[in-house]
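K.L.:
Just one file: upload_27.txt, with compact mmCIF, N, CA and C atoms.
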# COMPACT_ATOMS: atom_id res chain seq x y z
N MET A 198 26.92 2.77 -2.58
CA MET A 198 25.52 2.49 -2.33
C MET A 198 24.82 3.76 -1.84
N SER A 199 23.73 4.13 -2.49
CA SER A 199 23.03 5.35 -2.09
C SER A 199 22.13 5.08 -0.89
N SER A 200 21.69 6.15 -0.24
CA SER A 200 20.83 6.00 0.93
C SER A 200 19.49 5.38 0.52
N LEU A 201 19.07 5.60 -0.72
CA LEU A 201 17.81 5.04 -1.22
C LEU A 201 17.84 3.51 -1.12
N GLN A 202 18.97 2.92 -1.40
CA GLN A 202 19.07 1.47 -1.40
C GLN A 202 19.08 0.89 0.02
N LYS A 203 19.32 1.72 1.01
CA LYS A 203 19.32 1.23 2.39
C LYS A 203 17.94 1.35 3.03
N GLU A 204 17.00 2.01 2.34
CA GLU A 204 15.66 2.17 2.88
C GLU A 204 14.99 0.81 3.02
N GLN A 205 14.13 0.72 4.03
CA GLN A 205 13.40 -0.52 4.23
C GLN A 205 11.99 -0.37 3.68
N TYR A 206 11.46 -1.48 3.22
CA TYR A 206 10.13 -1.53 2.61
C TYR A 206 9.35 -2.69 3.20
N ILE A 207 8.03 -2.56 3.20
CA ILE A 207 7.15 -3.66 3.55
C ILE A 207 6.61 -4.21 2.23
N GLU A 208 6.83 -5.50 2.00
CA GLU A 208 6.26 -6.14 0.81
C GLU A 208 4.86 -6.65 1.13
N LEU A 209 3.94 -6.43 0.20
CA LEU A 209 2.56 -6.81 0.39
C LEU A 209 2.00 -7.37 -0.91
N SER A 210 0.88 -8.05 -0.81
CA SER A 210 0.25 -8.62 -2.00
C SER A 210 -1.19 -8.18 -2.10
N VAL A 211 -1.61 -7.91 -3.34
CA VAL A 211 -3.01 -7.73 -3.69
C VAL A 211 -3.21 -8.59 -4.93
N GLY A 212 -4.06 -9.59 -4.80
CA GLY A 212 -4.22 -10.55 -5.89
C GLY A 212 -2.88 -11.23 -6.15
N ALA A 213 -2.52 -11.33 -7.42
CA ALA A 213 -1.25 -11.97 -7.80
C ALA A 213 -0.10 -10.97 -7.78
N GLU A 214 -0.40 -9.70 -7.51
CA GLU A 214 0.62 -8.65 -7.57
C GLU A 214 1.32 -8.49 -6.22
N THR A 215 2.64 -8.33 -6.29
CA THR A 215 3.42 -8.00 -5.10
C THR A 215 3.90 -6.57 -5.26
N CYS A 216 3.69 -5.76 -4.23
CA CYS A 216 4.10 -4.35 -4.23
C CYS A 216 4.85 -4.10 -2.93
N ALA A 217 5.36 -2.88 -2.80
CA ALA A 217 6.04 -2.50 -1.56
C ALA A 217 5.70 -1.06 -1.22
N ILE A 218 5.77 -0.75 0.08
CA ILE A 218 5.58 0.61 0.58
C ILE A 218 6.77 0.92 1.46
N ARG A 219 7.31 2.14 1.32
CA ARG A 219 8.43 2.54 2.19
C ARG A 219 7.99 2.47 3.64
N ILE A 220 8.84 1.93 4.48
CA ILE A 220 8.47 1.68 5.88
C ILE A 220 8.18 3.00 6.62
N GLU A 221 8.84 4.10 6.21
CA GLU A 221 8.58 5.41 6.88
C GLU A 221 7.16 5.89 6.65
N GLU A 222 6.51 5.42 5.58
CA GLU A 222 5.15 5.87 5.27
C GLU A 222 4.10 5.10 6.05
N ILE A 223 4.51 4.04 6.75
CA ILE A 223 3.56 3.18 7.45
C ILE A 223 3.51 3.53 8.93
N HIS A 224 2.29 3.71 9.43
CA HIS A 224 2.09 3.98 10.86
C HIS A 224 2.04 2.65 11.62
N GLU A 225 1.22 1.73 11.11
CA GLU A 225 1.14 0.41 11.72
C GLU A 225 0.41 -0.54 10.79
N ILE A 226 0.51 -1.84 11.09
CA ILE A 226 -0.17 -2.88 10.33
C ILE A 226 -1.02 -3.65 11.31
N ILE A 227 -2.32 -3.77 11.01
CA ILE A 227 -3.24 -4.43 11.92
C ILE A 227 -4.03 -5.51 11.19
N LYS A 228 -4.58 -6.45 11.96
CA LYS A 228 -5.46 -7.46 11.38
C LYS A 228 -6.75 -6.79 10.95
N MET A 229 -7.44 -7.44 10.02
CA MET A 229 -8.73 -6.94 9.55
C MET A 229 -9.68 -6.81 10.73
N GLN A 230 -10.46 -5.74 10.75
CA GLN A 230 -11.43 -5.55 11.82
C GLN A 230 -12.71 -4.97 11.25
N SER A 231 -13.70 -4.78 12.11
CA SER A 231 -14.98 -4.31 11.59
C SER A 231 -14.84 -2.87 11.12
N ILE A 232 -15.46 -2.62 9.98
CA ILE A 232 -15.40 -1.31 9.33
C ILE A 232 -16.83 -0.82 9.18
N THR A 233 -17.08 0.43 9.58
CA THR A 233 -18.40 1.02 9.44
C THR A 233 -18.55 1.58 8.04
N ASP A 234 -19.57 1.13 7.35
CA ASP A 234 -19.82 1.54 5.98
C ASP A 234 -20.17 3.03 5.91
N ILE A 235 -19.75 3.66 4.82
CA ILE A 235 -20.14 5.05 4.56
C ILE A 235 -21.04 5.02 3.33
N PRO A 236 -22.34 5.29 3.50
CA PRO A 236 -23.25 5.22 2.36
C PRO A 236 -22.85 6.21 1.25
N PHE A 237 -23.06 5.80 0.01
CA PHE A 237 -22.84 6.63 -1.18
C PHE A 237 -21.38 7.04 -1.40
N SER A 238 -20.45 6.31 -0.80
CA SER A 238 -19.03 6.65 -1.03
C SER A 238 -18.51 5.90 -2.25
N ARG A 239 -17.36 6.31 -2.75
CA ARG A 239 -16.74 5.65 -3.90
C ARG A 239 -16.45 4.19 -3.55
N THR A 240 -16.39 3.31 -4.56
CA THR A 240 -16.22 1.87 -4.31
C THR A 240 -14.93 1.55 -3.57
N GLU A 241 -13.85 2.31 -3.80
CA GLU A 241 -12.59 2.00 -3.13
C GLU A 241 -12.60 2.37 -1.65
N ILE A 242 -13.54 3.21 -1.23
CA ILE A 242 -13.65 3.57 0.19
C ILE A 242 -14.56 2.55 0.86
N LYS A 243 -13.97 1.75 1.76
CA LYS A 243 -14.72 0.67 2.40
C LYS A 243 -15.42 1.12 3.67
N GLY A 244 -15.06 2.30 4.20
CA GLY A 244 -15.71 2.82 5.39
C GLY A 244 -14.70 3.43 6.34
N VAL A 245 -15.08 3.45 7.61
CA VAL A 245 -14.19 4.00 8.64
C VAL A 245 -14.08 3.00 9.79
N MET A 246 -12.97 3.12 10.53
CA MET A 246 -12.78 2.28 11.71
C MET A 246 -12.26 3.16 12.84
N ASN A 247 -12.40 2.65 14.05
CA ASN A 247 -11.91 3.35 15.22
C ASN A 247 -10.54 2.76 15.56
N LEU A 248 -9.51 3.58 15.49
CA LEU A 248 -8.16 3.15 15.83
C LEU A 248 -7.73 3.91 17.08
N ARG A 249 -7.94 3.29 18.24
CA ARG A 249 -7.60 3.91 19.53
C ARG A 249 -8.11 5.35 19.63
N GLY A 250 -9.40 5.53 19.32
CA GLY A 250 -10.03 6.83 19.48
C GLY A 250 -9.96 7.73 18.26
N LYS A 251 -9.20 7.34 17.24
CA LYS A 251 -9.14 8.13 16.00
C LYS A 251 -10.01 7.46 14.95
N VAL A 252 -10.75 8.27 14.21
CA VAL A 252 -11.55 7.74 13.10
C VAL A 252 -10.64 7.69 11.87
N VAL A 253 -10.49 6.50 11.30
CA VAL A 253 -9.59 6.29 10.18
C VAL A 253 -10.39 5.81 8.97
N CYS A 254 -10.24 6.50 7.84
CA CYS A 254 -10.86 6.07 6.59
C CYS A 254 -10.12 4.82 6.10
N VAL A 255 -10.88 3.81 5.65
CA VAL A 255 -10.29 2.57 5.18
C VAL A 255 -10.62 2.39 3.70
N MET A 256 -9.57 2.16 2.91
CA MET A 256 -9.73 2.00 1.47
C MET A 256 -9.18 0.65 1.03
N SER A 257 -9.68 0.16 -0.09
CA SER A 257 -9.21 -1.10 -0.66
C SER A 257 -8.09 -0.82 -1.66
N LEU A 258 -6.89 -1.33 -1.39
CA LEU A 258 -5.79 -1.15 -2.34
C LEU A 258 -6.12 -1.87 -3.65
N ARG A 259 -6.84 -3.00 -3.55
CA ARG A 259 -7.27 -3.71 -4.76
C ARG A 259 -8.06 -2.76 -5.66
N ASN A 260 -9.08 -2.10 -5.10
CA ASN A 260 -9.92 -1.19 -5.88
C ASN A 260 -9.13 -0.01 -6.40
N LEU A 261 -8.23 0.54 -5.57
CA LEU A 261 -7.43 1.69 -6.00
C LEU A 261 -6.54 1.34 -7.19
N LEU A 262 -6.12 0.07 -7.28
CA LEU A 262 -5.27 -0.39 -8.39
C LEU A 262 -6.10 -0.98 -9.53
N GLY A 263 -7.43 -0.85 -9.45
CA GLY A 263 -8.28 -1.30 -10.54
C GLY A 263 -8.64 -2.77 -10.52
N MET A 264 -8.49 -3.43 -9.36
CA MET A 264 -8.83 -4.85 -9.25
C MET A 264 -10.19 -5.01 -8.58
N ALA A 265 -10.82 -6.16 -8.83
CA ALA A 265 -12.11 -6.47 -8.21
C ALA A 265 -11.91 -6.89 -6.75
N ASP A 266 -12.96 -6.72 -5.95
CA ASP A 266 -12.92 -7.16 -4.56
C ASP A 266 -12.85 -8.68 -4.47
N GLU A 267 -12.25 -9.17 -3.39
CA GLU A 267 -12.29 -10.59 -3.06
C GLU A 267 -12.57 -10.69 -1.57
N ALA A 268 -13.05 -11.84 -1.16
CA ALA A 268 -13.37 -12.04 0.26
C ALA A 268 -12.09 -11.94 1.10
N ASP A 269 -12.24 -11.38 2.30
CA ASP A 269 -11.10 -11.30 3.23
C ASP A 269 -10.72 -12.71 3.67
N THR A 270 -9.43 -12.88 3.98
CA THR A 270 -8.94 -14.15 4.50
C THR A 270 -8.25 -13.89 5.83
N ARG A 271 -7.72 -14.93 6.43
CA ARG A 271 -6.99 -14.75 7.69
C ARG A 271 -5.73 -13.92 7.49
N ALA A 272 -5.23 -13.85 6.25
CA ALA A 272 -4.02 -13.09 5.95
C ALA A 272 -4.29 -11.62 5.63
N THR A 273 -5.57 -11.26 5.44
CA THR A 273 -5.92 -9.87 5.10
C THR A 273 -5.47 -8.93 6.21
N ARG A 274 -4.86 -7.82 5.82
CA ARG A 274 -4.37 -6.83 6.79
C ARG A 274 -4.80 -5.43 6.37
N ILE A 275 -4.78 -4.54 7.34
CA ILE A 275 -4.96 -3.11 7.08
C ILE A 275 -3.63 -2.44 7.38
N ILE A 276 -3.05 -1.82 6.36
CA ILE A 276 -1.82 -1.05 6.55
C ILE A 276 -2.24 0.40 6.76
N VAL A 277 -1.96 0.93 7.93
CA VAL A 277 -2.33 2.30 8.25
C VAL A 277 -1.16 3.20 7.88
N VAL A 278 -1.41 4.11 6.94
CA VAL A 278 -0.37 5.02 6.47
C VAL A 278 -0.74 6.45 6.86
N ARG A 279 0.29 7.29 6.95
CA ARG A 279 0.05 8.70 7.22
C ARG A 279 0.05 9.42 5.88
N TYR A 280 -1.03 10.13 5.59
CA TYR A 280 -1.18 10.85 4.32
C TYR A 280 -1.81 12.20 4.60
N GLN A 281 -1.09 13.26 4.28
CA GLN A 281 -1.57 14.64 4.49
C GLN A 281 -2.13 14.83 5.90
N ASP A 282 -1.32 14.51 6.90
CA ASP A 282 -1.67 14.69 8.31
C ASP A 282 -2.88 13.90 8.78
N GLU A 283 -3.26 12.87 8.05
CA GLU A 283 -4.33 11.98 8.47
C GLU A 283 -3.84 10.56 8.37
N TYR A 284 -4.53 9.67 9.05
CA TYR A 284 -4.24 8.24 8.89
C TYR A 284 -5.26 7.64 7.95
N ILE A 285 -4.79 6.80 7.04
CA ILE A 285 -5.67 6.10 6.11
C ILE A 285 -5.31 4.63 6.17
N GLY A 286 -6.32 3.77 6.26
CA GLY A 286 -6.10 2.34 6.25
C GLY A 286 -6.22 1.80 4.84
N LEU A 287 -5.25 0.98 4.43
CA LEU A 287 -5.29 0.33 3.13
C LEU A 287 -5.44 -1.17 3.34
N ILE A 288 -6.52 -1.74 2.80
CA ILE A 288 -6.74 -3.18 2.93
C ILE A 288 -5.90 -3.89 1.87
N VAL A 289 -5.07 -4.83 2.32
CA VAL A 289 -4.25 -5.64 1.41
C VAL A 289 -4.51 -7.11 1.71
N ASP A 290 -4.23 -7.96 0.72
CA ASP A 290 -4.50 -9.39 0.89
C ASP A 290 -3.51 -10.05 1.84
N ARG A 291 -2.27 -9.56 1.84
CA ARG A 291 -1.23 -10.21 2.64
C ARG A 291 -0.06 -9.24 2.81
N VAL A 292 0.56 -9.27 3.98
CA VAL A 292 1.82 -8.56 4.21
C VAL A 292 2.89 -9.64 4.31
N SER A 293 3.93 -9.55 3.47
CA SER A 293 4.92 -10.62 3.39
C SER A 293 6.09 -10.42 4.32
N LYS A 294 6.81 -9.29 4.15
CA LYS A 294 8.06 -9.14 4.90
C LYS A 294 8.56 -7.71 4.84
N VAL A 295 9.52 -7.43 5.71
CA VAL A 295 10.30 -6.19 5.65
C VAL A 295 11.53 -6.51 4.82
N THR A 296 11.88 -5.63 3.89
CA THR A 296 13.01 -5.92 3.01
C THR A 296 13.71 -4.65 2.55
N THR A 297 14.86 -4.82 1.96
CA THR A 297 15.56 -3.74 1.26
C THR A 297 15.81 -4.24 -0.16
N TYR A 298 16.13 -3.34 -1.07
CA TYR A 298 16.39 -3.73 -2.45
C TYR A 298 17.80 -3.37 -2.84
N SER A 299 18.44 -4.26 -3.57
CA SER A 299 19.81 -4.02 -4.01
C SER A 299 19.85 -2.93 -5.08
N GLU A 300 18.79 -2.85 -5.88
CA GLU A 300 18.70 -1.81 -6.89
C GLU A 300 17.27 -1.30 -6.96
N ILE A 301 17.13 0.00 -7.28
CA ILE A 301 15.81 0.57 -7.52
C ILE A 301 15.85 1.25 -8.88
N HIS A 302 14.97 0.79 -9.76
CA HIS A 302 14.93 1.30 -11.13
C HIS A 302 13.78 2.29 -11.28
N PRO A 303 13.93 3.31 -12.14
CA PRO A 303 12.81 4.21 -12.39
C PRO A 303 11.68 3.46 -13.09
N PRO A 304 10.43 3.87 -12.86
CA PRO A 304 9.29 3.16 -13.46
C PRO A 304 9.09 3.60 -14.90
N SER A 305 9.85 3.03 -15.83
CA SER A 305 9.70 3.44 -17.22
C SER A 305 9.70 2.21 -18.10
N GLY A 306 9.62 2.45 -19.38
CA GLY A 306 9.61 1.34 -20.32
C GLY A 306 8.25 1.22 -20.96
N GLY A 307 8.00 0.13 -21.58
CA GLY A 307 6.78 -0.05 -22.35
C GLY A 307 5.60 -0.51 -21.53
N HIS A 308 5.51 -0.11 -20.29
CA HIS A 308 4.42 -0.58 -19.43
C HIS A 308 3.24 0.37 -19.40
N GLY A 309 3.31 1.46 -20.15
CA GLY A 309 2.19 2.40 -20.18
C GLY A 309 2.19 3.33 -18.97
N ARG A 310 1.21 4.21 -18.97
CA ARG A 310 1.10 5.24 -17.95
C ARG A 310 0.82 4.65 -16.57
N HIS A 311 0.12 3.53 -16.51
CA HIS A 311 -0.27 2.92 -15.24
C HIS A 311 0.94 2.71 -14.32
N LEU A 312 2.03 2.21 -14.86
CA LEU A 312 3.21 1.92 -14.06
C LEU A 312 3.79 3.21 -13.45
N GLU A 313 3.94 4.24 -14.27
CA GLU A 313 4.54 5.48 -13.79
C GLU A 313 3.60 6.23 -12.86
N THR A 314 2.29 6.04 -13.03
CA THR A 314 1.32 6.73 -12.18
C THR A 314 1.36 6.21 -10.76
N PHE A 315 1.34 4.89 -10.60
CA PHE A 315 1.19 4.29 -9.27
C PHE A 315 2.49 3.91 -8.59
N PHE A 316 3.58 3.84 -9.34
CA PHE A 316 4.83 3.35 -8.77
C PHE A 316 5.94 4.38 -8.86
N GLN A 317 6.67 4.58 -7.74
CA GLN A 317 7.80 5.52 -7.74
C GLN A 317 9.06 4.84 -8.22
N GLY A 318 9.03 3.53 -8.32
CA GLY A 318 10.19 2.79 -8.80
C GLY A 318 9.94 1.31 -8.74
N VAL A 319 10.91 0.55 -9.22
CA VAL A 319 10.82 -0.90 -9.18
C VAL A 319 12.04 -1.40 -8.42
N GLY A 320 11.78 -2.05 -7.28
CA GLY A 320 12.86 -2.59 -6.47
C GLY A 320 13.29 -3.94 -7.00
N GLN A 321 14.59 -4.18 -7.00
CA GLN A 321 15.11 -5.45 -7.49
C GLN A 321 15.92 -6.13 -6.40
N GLN A 322 15.63 -7.41 -6.21
CA GLN A 322 16.37 -8.24 -5.27
C GLN A 322 16.60 -9.57 -5.99
N GLY A 323 17.80 -9.75 -6.51
CA GLY A 323 18.08 -10.92 -7.33
C GLY A 323 17.25 -10.84 -8.60
N GLU A 324 16.46 -11.88 -8.86
CA GLU A 324 15.60 -11.89 -10.05
C GLU A 324 14.23 -11.25 -9.79
N ASN A 325 13.90 -11.04 -8.52
CA ASN A 325 12.58 -10.51 -8.17
C ASN A 325 12.48 -9.01 -8.40
N LEU A 326 11.39 -8.59 -9.04
CA LEU A 326 11.10 -7.17 -9.26
C LEU A 326 9.79 -6.85 -8.54
N VAL A 327 9.80 -5.76 -7.77
CA VAL A 327 8.62 -5.38 -7.00
C VAL A 327 8.35 -3.89 -7.18
N GLY A 328 7.11 -3.55 -7.55
CA GLY A 328 6.74 -2.14 -7.71
C GLY A 328 6.61 -1.46 -6.37
N ILE A 329 7.26 -0.30 -6.24
CA ILE A 329 7.20 0.49 -5.00
C ILE A 329 6.10 1.52 -5.17
N LEU A 330 5.07 1.42 -4.34
CA LEU A 330 3.88 2.26 -4.50
C LEU A 330 4.16 3.73 -4.20
N LYS A 331 3.50 4.58 -4.98
CA LYS A 331 3.57 6.04 -4.81
C LYS A 331 2.25 6.45 -4.15
N LEU A 332 2.24 6.54 -2.81
CA LEU A 332 1.01 6.77 -2.08
C LEU A 332 0.32 8.07 -2.46
N ASP A 333 1.08 9.12 -2.73
CA ASP A 333 0.47 10.40 -3.10
C ASP A 333 -0.43 10.24 -4.32
N GLU A 334 0.02 9.48 -5.31
CA GLU A 334 -0.77 9.28 -6.52
C GLU A 334 -1.97 8.37 -6.26
N ILE A 335 -1.74 7.30 -5.52
CA ILE A 335 -2.80 6.32 -5.29
C ILE A 335 -3.91 6.94 -4.44
N LEU A 336 -3.54 7.64 -3.38
CA LEU A 336 -4.54 8.19 -2.47
C LEU A 336 -5.10 9.54 -2.91
N GLY A 337 -4.28 10.29 -3.63
CA GLY A 337 -4.73 11.63 -4.02
C GLY A 337 -5.24 11.72 -5.44
N GLY A 338 -5.09 10.61 -6.18
CA GLY A 338 -5.41 10.62 -7.61
C GLY A 338 -6.84 10.67 -7.93
I need this file expressed as structure tokens, please.
P.N.:
Amino acid sequence: MSSLQKEQYIELSVGAETCAIRIEEIHEIIKMQSITDIPFSRTEIKGVMNLRGKVVCVMSLRNLLGMADEADTRATRIIVVRYQDEYIGLIVDRVSKVTTYSEIHPPSGGHGRHLETFFQGVGQQGENLVGILKLDEILGG
């Protein structure tokens, strides 16, 4: 078993899609809170929030993945990740669980460029397949 397979991931949902982020990339997960709008910003940038004295840019993972906005629910969370020495909040519909995968497959096959662009791999646990997000591409793309 490689060290990759022992890594832990947070499973999350946006719409009907389930994805995962490596736990080392996550600073913290918080409930939805008030976000100050930034006029004239890109649609995926929802604004900024104050996180214990730090100003954190908040983005919609739905929008970053090409999905339309939906109303927040009680399950909506902000996953705060560290990216290029800054914290960025990603709004997700739901955070499911901490998990590991028995196998991780490269993101290839007939799924087009979208799969390889946004996902560093596909985690497998029994019959379940979950795309592991590539934050550098999603946030820097």
K.L.:
Which residues of region 271-302 of chain A have any atom within 6.5 Å of an atom in region 243-253 of chain A when counting only N, CA and C atoms, and what is the closest pair of atoms for each, with the distance in Å to one decimal? Order the rows by chain and rising number and write it as a Markdown table.
P.N.:
| residue | atom | partner | partner_atom | distance |
| --- | --- | --- | --- | --- |
| A:Tyr284 | C | A:Val253 | CA | 5.1 |
| A:Ile285 | CA | A:Val253 | C | 5.5 |
| A:Gly286 | N | A:Val253 | C | 5.3 |
K.L.:
Using Å and a single decimal, report how far CA of Ile227 (chain A) sits from CA of Ala272 (chain A).
P.N.:
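Going from CA of Ala272 (chain A) over to CA of Ile227 (chain A) covers 10.5 Å.
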K.L.:
What's the separation between atom N of Ala265 (chain A) and atom C of Ile301 (chain A), in Å to one decimal place?
P.N.:
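Spanning atom N of Ala265 (chain A) to atom C of Ile301 (chain A) is a straight-line distance of 27.7 Å.
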K.L.:
Mind pulling up the distance from CA of Asp290 (chain A) to CA of Met229 (chain A)?
P.N.:
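For CA of Met229 (chain A) relative to CA of Asp290 (chain A), the distance reads 9.9 Å.
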K.L.:
DSSP on the backbone, then: every residue of region 206-308 of chain A marked strand (DSSP E), written as number ranges by chain.
P.N.:
A: 206-211, 214-219, 223-228, 242-248, 251-257, 274-280, 283-289, 291-296, 300-302
K.L.:
At a cut-off of 10 Å, using only C-alpha atoms, what residues contact region 314-317 of chain A? Leave out same-chain residues fewer than 6 positions from it and give the result as a ChimeraX atom specification.
P.N.:
/A:216-218,261-262,301-305,327-336,338
K.L.:
If you count only C-alpha atoms, which residues fall within 8 Å of Gln322 (chain A), apart from same-chain ones fewer than 3 positions away, as a PyMOL selection string?
P.N.:
chain A and resi 297-300+325-326
K.L.:
What are the DSSP alpha helix (DSSP H) residues of chain A, as a VMD selection string?
P.N.:
chain A and resid 200 to 203 258 to 261 310 to 315 332 to 337
K.L.:
Kindly save the residues from that selection, with N, CA and C atoms included, as an mmCIF file, in the frame of the given file.
P.N.:
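Once written, part_24.cif looks like this:
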data_model
loop_
_atom_site.group_PDB
_atom_site.id
_atom_site.type_symbol
_atom_site.label_atom_id
_atom_site.label_comp_id
_atom_site.auth_asym_id
_atom_site.auth_seq_id
_atom_site.Cartn_x
_atom_site.Cartn_y
_atom_site.Cartn_z
ATOM 1 N N SER A 200 21.690 6.150 -0.240
ATOM 2 C CA SER A 200 20.830 6.000 0.930
ATOM 3 C C SER A 200 19.490 5.380 0.520
ATOM 4 N N LEU A 201 19.070 5.600 -0.720
ATOM 5 C CA LEU A 201 17.810 5.040 -1.220
ATOM 6 C C LEU A 201 17.840 3.510 -1.120
ATOM 7 N N GLN A 202 18.970 2.920 -1.400
ATOM 8 C CA GLN A 202 19.070 1.470 -1.400
ATOM 9 C C GLN A 202 19.080 0.890 0.020
ATOM 10 N N LYS A 203 19.320 1.720 1.010
ATOM 11 C CA LYS A 203 19.320 1.230 2.390
ATOM 12 C C LYS A 203 17.940 1.350 3.030
ATOM 13 N N LEU A 258 -6.890 -1.330 -1.390
ATOM 14 C CA LEU A 258 -5.790 -1.150 -2.340
ATOM 15 C C LEU A 258 -6.120 -1.870 -3.650
ATOM 16 N N ARG A 259 -6.840 -3.000 -3.550
ATOM 17 C CA ARG A 259 -7.270 -3.710 -4.760
ATOM 18 C C ARG A 259 -8.060 -2.760 -5.660
ATOM 19 N N ASN A 260 -9.080 -2.100 -5.100
ATOM 20 C CA ASN A 260 -9.920 -1.190 -5.880
ATOM 21 C C ASN A 260 -9.130 -0.010 -6.400
ATOM 22 N N LEU A 261 -8.230 0.540 -5.570
ATOM 23 C CA LEU A 261 -7.430 1.690 -6.000
ATOM 24 C C LEU A 261 -6.540 1.340 -7.190
ATOM 25 N N ARG A 310 1.210 4.210 -18.970
ATOM 26 C CA ARG A 310 1.100 5.240 -17.950
ATOM 27 C C ARG A 310 0.820 4.650 -16.570
ATOM 28 N N HIS A 311 0.120 3.530 -16.510
ATOM 29 C CA HIS A 311 -0.270 2.920 -15.240
ATOM 30 C C HIS A 311 0.940 2.710 -14.320
ATOM 31 N N LEU A 312 2.030 2.210 -14.860
ATOM 32 C CA LEU A 312 3.210 1.920 -14.060
ATOM 33 C C LEU A 312 3.790 3.210 -13.450
ATOM 34 N N GLU A 313 3.940 4.240 -14.270
ATOM 35 C CA GLU A 313 4.540 5.480 -13.790
ATOM 36 C C GLU A 313 3.600 6.230 -12.860
ATOM 37 N N THR A 314 2.290 6.040 -13.030
ATOM 38 C CA THR A 314 1.320 6.730 -12.180
ATOM 39 C C THR A 314 1.360 6.210 -10.760
ATOM 40 N N PHE A 315 1.340 4.890 -10.600
ATOM 41 C CA PHE A 315 1.190 4.290 -9.270
ATOM 42 C C PHE A 315 2.490 3.910 -8.590
ATOM 43 N N LEU A 332 2.240 6.540 -2.810
ATOM 44 C CA LEU A 332 1.010 6.770 -2.080
ATOM 45 C C LEU A 332 0.320 8.070 -2.460
ATOM 46 N N ASP A 333 1.080 9.120 -2.730
ATOM 47 C CA ASP A 333 0.470 10.400 -3.100
ATOM 48 C C ASP A 333 -0.430 10.240 -4.320
ATOM 49 N N GLU A 334 0.020 9.480 -5.310
ATOM 50 C CA GLU A 334 -0.770 9.280 -6.520
ATOM 51 C C GLU A 334 -1.970 8.370 -6.260
ATOM 52 N N ILE A 335 -1.740 7.300 -5.520
ATOM 53 C CA ILE A 335 -2.800 6.320 -5.290
ATOM 54 C C ILE A 335 -3.910 6.940 -4.440
ATOM 55 N N LEU A 336 -3.540 7.640 -3.380
ATOM 56 C CA LEU A 336 -4.540 8.190 -2.470
ATOM 57 C C LEU A 336 -5.100 9.540 -2.910
ATOM 58 N N GLY A 337 -4.280 10.290 -3.630
ATOM 59 C CA GLY A 337 -4.730 11.630 -4.020
ATOM 60 C C GLY A 337 -5.240 11.720 -5.440
#
K.L.:
Applying 8 Å and all atoms listed in the file, which residues near Gln230 (chain A) remain after dropping the ones on its own chain fewer than 4 positions away? List them as JSON, numbers by chain.
P.N.:
{"A": [246, 273, 274, 275]}
K.L.:
Using only C-alpha atoms, can you tell me which of A:Ile220, A:Gly323, A:Tyr280, A:Val295 comes closest to Gly337 (chain A)?
P.N.:
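Using only C-alpha atoms, Gly337 (chain A) sits closest to A:Tyr280.
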K.L.:
Compare A:Arg239, A:Asp266, A:Cys254, A:Glu324 by their minimum atom-to-atom distance to Glu283 (chain A), counting only C-alpha atoms, and give me the closest one.
P.N.:
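Checking each candidate against Glu283 (chain A), we get A:Cys254 as the closest.
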K.L.:
Need the shell around Leu287 (chain A): protein/DNA/RNA residues with any atom at most 7 Å away, counting only C-alpha atoms. Skip same-chain ones fewer than 2 positions apart. Format as number ranges by chain?
P.N.:
A: 255-258, 275-277, 285, 289
